[in-house]
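Enquirer: Shown below is the structure under consideration.
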Amino acid sequence: MRSITTFDLQYAHRFYGFKGEAQYLHGHTGVMTIEVEDTVNEGVNMVFPCNEIRKTAWNVLQNFDHALILREDDPLLPAILGVYEKQGILNGHPQNTMKGPAFKTELATAYPDARLVVTKETMTVEGFIKIVYDLLKDKLNIAKIKFTSGVNAASMEFDTHNNIDRCPLCGISLDDNGVCPKCGYRKPKP
Ligand SMILES: [Zn+2]
Ligand SMILES: [Zn+2]
């Protein structure tokens, strides 16, 4: 069975070098759906609590929200950095508070202080799914990610490793010692 959560992301990007309107800077409200798979945890009668999926995913994904996403070779990048620097907002601003921790993967680097994500590949809906799976695959047992942005949509299914030990009281994954990091439940020794 699957627990499914959905959230909105507002972002600006462009397809650098693409022969079409999308080569111009523009914005979207994108909708991402993440499906987490496992057996039903009988204690709480759910696969995984959706609010916990949200919390885990949003910690990473808020770096894409109200952000500019540019490919690493896009000449707009140095231009934008120059303007932000001149304006004194490149390295953060007191009102820039909705930030997740900075990250760097093969596919993307987040600069939360500048609300900027630099990507290796063009940030299409397909490209975004690859980036997000890479960021969350070790934190959530993801079976499917779907991303819709304007008239574009893509989805991808992934292999899962089911029967993860979860807390029978609050539903989240137990740590390596069989202890719930949220409520302190301890798995009885066999
Ligand atoms: Zn677009
Ligand atoms: Zn618990």
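Labels for the structure tokens follow display order: chains A, B, ..., residues from 1 in each chain, ligands from 1.
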With only C-alpha atoms and all ligand atoms counted, collect every polymer residue having an atom within 12 Å of ligand 1; state the result as a tab-separated table (two decimals) with C-alpha atoms, in the first residue's frame.
Expert:
chain	number	residue	atom	x	y	z
A	10	GLN	CA	6.58	28.14	-6.90
A	11	TYR	CA	9.71	28.69	-8.89
A	12	ALA	CA	11.31	30.50	-11.82
A	13	HIS	CA	13.49	28.89	-14.44
A	14	ARG	CA	14.21	28.72	-18.13
A	15	PHE	CA	15.43	26.14	-20.60
A	16	TYR	CA	18.76	27.59	-21.64
A	18	PHE	CA	15.95	25.41	-25.94
A	20	GLY	CA	10.99	27.67	-27.86
A	21	GLU	CA	9.37	30.17	-25.48
A	22	ALA	CA	10.77	28.31	-22.48
A	23	GLN	CA	14.23	29.74	-23.23
A	24	TYR	CA	12.92	32.97	-21.65
A	25	LEU	CA	12.87	33.32	-17.87
A	26	HIS	CA	9.40	32.47	-16.53
A	27	GLY	CA	7.67	31.04	-13.48
A	28	HIS	CA	5.39	28.19	-12.45
A	29	THR	CA	3.41	26.76	-9.61
A	30	GLY	CA	4.42	23.11	-9.72
A	68	LEU	CA	15.31	30.68	-9.17
A	69	ILE	CA	16.53	27.46	-10.75
A	70	LEU	CA	19.22	27.82	-13.41
A	122	THR	CA	17.88	21.60	-17.63
A	123	MET	CA	15.20	21.80	-14.94
A	124	THR	CA	12.33	20.15	-16.78
A	125	VAL	CA	9.65	18.23	-14.86
A	126	GLU	CA	11.63	15.08	-15.65
A	127	GLY	CA	14.86	16.66	-14.46
A	128	PHE	CA	13.23	17.79	-11.23
A	148	THR	CA	3.14	18.73	-12.80
A	149	SER	CA	4.06	22.23	-13.86
A	150	GLY	CA	1.75	24.13	-16.20
A	151	VAL	CA	0.96	21.81	-19.10
A	152	ASN	CA	4.01	19.64	-18.41
A	153	ALA	CA	3.90	16.57	-16.23
Enquirer: For Asp8 of chain A, work out the shell of residues within 12 Å, counting only C-alpha atoms and skipping chain neighbours fewer than 3 positions away, then give it as a ChimeraX atom specification.
Expert: /A:5,11,28-34,54,57-58,61-62,64-66,146-149
Enquirer: Quick one: DSSP helix (DSSP H, G or I) residues in chain A, as a PyMOL selection string?
Expert: chain A and resi 21-23+50-64+76-87+112-114+125-136
Enquirer: Residues up to 6 Å from ligand 2, counting only C-alpha atoms and all ligand atoms: could you list those as an NGL selection string?
Expert: :A and (167 or 169-170 or 180 or 182-185)
Enquirer: Tell me, which residues of chain A carry DSSP strand (DSSP E), written as an MDAnalysis selection string?
Expert: chainID A and resid 2:13 26:37 67:71 108:111 116:119 142:149 152:157
Enquirer: Dump C-alpha atoms for the selected residues as a CSV table (one decimal), in the first residue's frame?
Expert:
chain,number,residue,atom,x,y,z
A,2,ARG,CA,1.1,3.6,-0.4
A,3,SER,CA,0.8,6.8,1.6
A,4,ILE,CA,0.6,9.8,-0.7
A,5,THR,CA,1.4,13.5,-0.1
A,6,THR,CA,1.2,16.5,-2.4
A,7,PHE,CA,2.6,20.0,-2.2
A,8,ASP,CA,3.0,23.2,-4.3
A,9,LEU,CA,6.2,24.7,-5.3
A,10,GLN,CA,6.6,28.1,-6.9
A,11,TYR,CA,9.7,28.7,-8.9
A,12,ALA,CA,11.3,30.5,-11.8
A,13,HIS,CA,13.5,28.9,-14.4
A,26,HIS,CA,9.4,32.5,-16.5
A,27,GLY,CA,7.7,31.0,-13.5
A,28,HIS,CA,5.4,28.2,-12.4
A,29,THR,CA,3.4,26.8,-9.6
A,30,GLY,CA,4.4,23.1,-9.7
A,31,VAL,CA,2.6,20.3,-7.9
A,32,MET,CA,4.7,17.4,-6.6
A,33,THR,CA,3.2,14.1,-5.4
A,34,ILE,CA,5.3,11.7,-3.5
A,35,GLU,CA,4.1,8.1,-2.9
A,36,VAL,CA,5.7,6.2,-0.1
A,37,GLU,CA,5.3,2.4,-0.1
A,67,ALA,CA,13.6,30.1,-5.9
A,68,LEU,CA,15.3,30.7,-9.2
A,69,ILE,CA,16.5,27.5,-10.8
A,70,LEU,CA,19.2,27.8,-13.4
A,71,ARG,CA,21.5,25.4,-15.2
A,108,ALA,CA,21.9,20.2,-8.1
A,109,THR,CA,23.4,22.6,-5.6
A,110,ALA,CA,21.1,24.8,-3.4
A,111,TYR,CA,22.1,28.2,-2.2
A,116,LEU,CA,18.9,29.9,-6.0
A,117,VAL,CA,19.4,26.3,-7.1
A,118,VAL,CA,22.0,25.6,-9.8
A,119,THR,CA,21.4,22.4,-11.7
A,142,ILE,CA,9.6,6.3,-2.4
A,143,ALA,CA,7.6,4.3,-4.9
A,144,LYS,CA,6.6,7.1,-7.2
A,145,ILE,CA,7.1,10.8,-7.8
A,146,LYS,CA,4.9,12.9,-10.1
A,147,PHE,CA,5.5,16.5,-10.9
A,148,THR,CA,3.1,18.7,-12.8
A,149,SER,CA,4.1,22.2,-13.9
A,152,ASN,CA,4.0,19.6,-18.4
A,153,ALA,CA,3.9,16.6,-16.2
A,154,ALA,CA,6.1,13.6,-15.6
A,155,SER,CA,6.1,10.6,-13.3
A,156,MET,CA,8.5,7.9,-12.4
A,157,GLU,CA,8.3,4.7,-10.4
Enquirer: At a cut-off of 8 Å, using only C-alpha atoms, what residues contact Asn91 of chain A? Leave out same-chain residues fewer than 3 positions from it and give the result as a short mmCIF file (atom, residue, chain, number, x, y, z; two decimals) with C-alpha atoms, in the first residue's frame.
Expert:
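What landed in out_1.cif:
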data_model
loop_
_atom_site.label_atom_id
_atom_site.label_comp_id
_atom_site.auth_asym_id
_atom_site.auth_seq_id
_atom_site.Cartn_x
_atom_site.Cartn_y
_atom_site.Cartn_z
CA GLU A 85 25.44 41.02 -4.67
CA GLY A 88 23.19 43.04 -0.75
CA ASP A 113 20.59 32.40 1.19
CA ALA A 114 20.18 33.55 -2.41
#
Enquirer: Please provide as a list in words all residues within 8 Å of Asp165 of chain A, with the sequence filter that same-chain residues fewer than 2 positions apart are discarded (counting only C-alpha atoms).
Expert: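 Final neighbour list, sorted by chain and number: Asn163, Cys167, Ser173, Leu174 and Gly178 of chain A.
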Enquirer: So how far away is atom CA of Gly92 of chain A from atom CA of Asn59 of chain A, in Å?
Expert: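 Going from atom CA of Asn59 of chain A over to atom CA of Gly92 of chain A, I get 17.9 Å.
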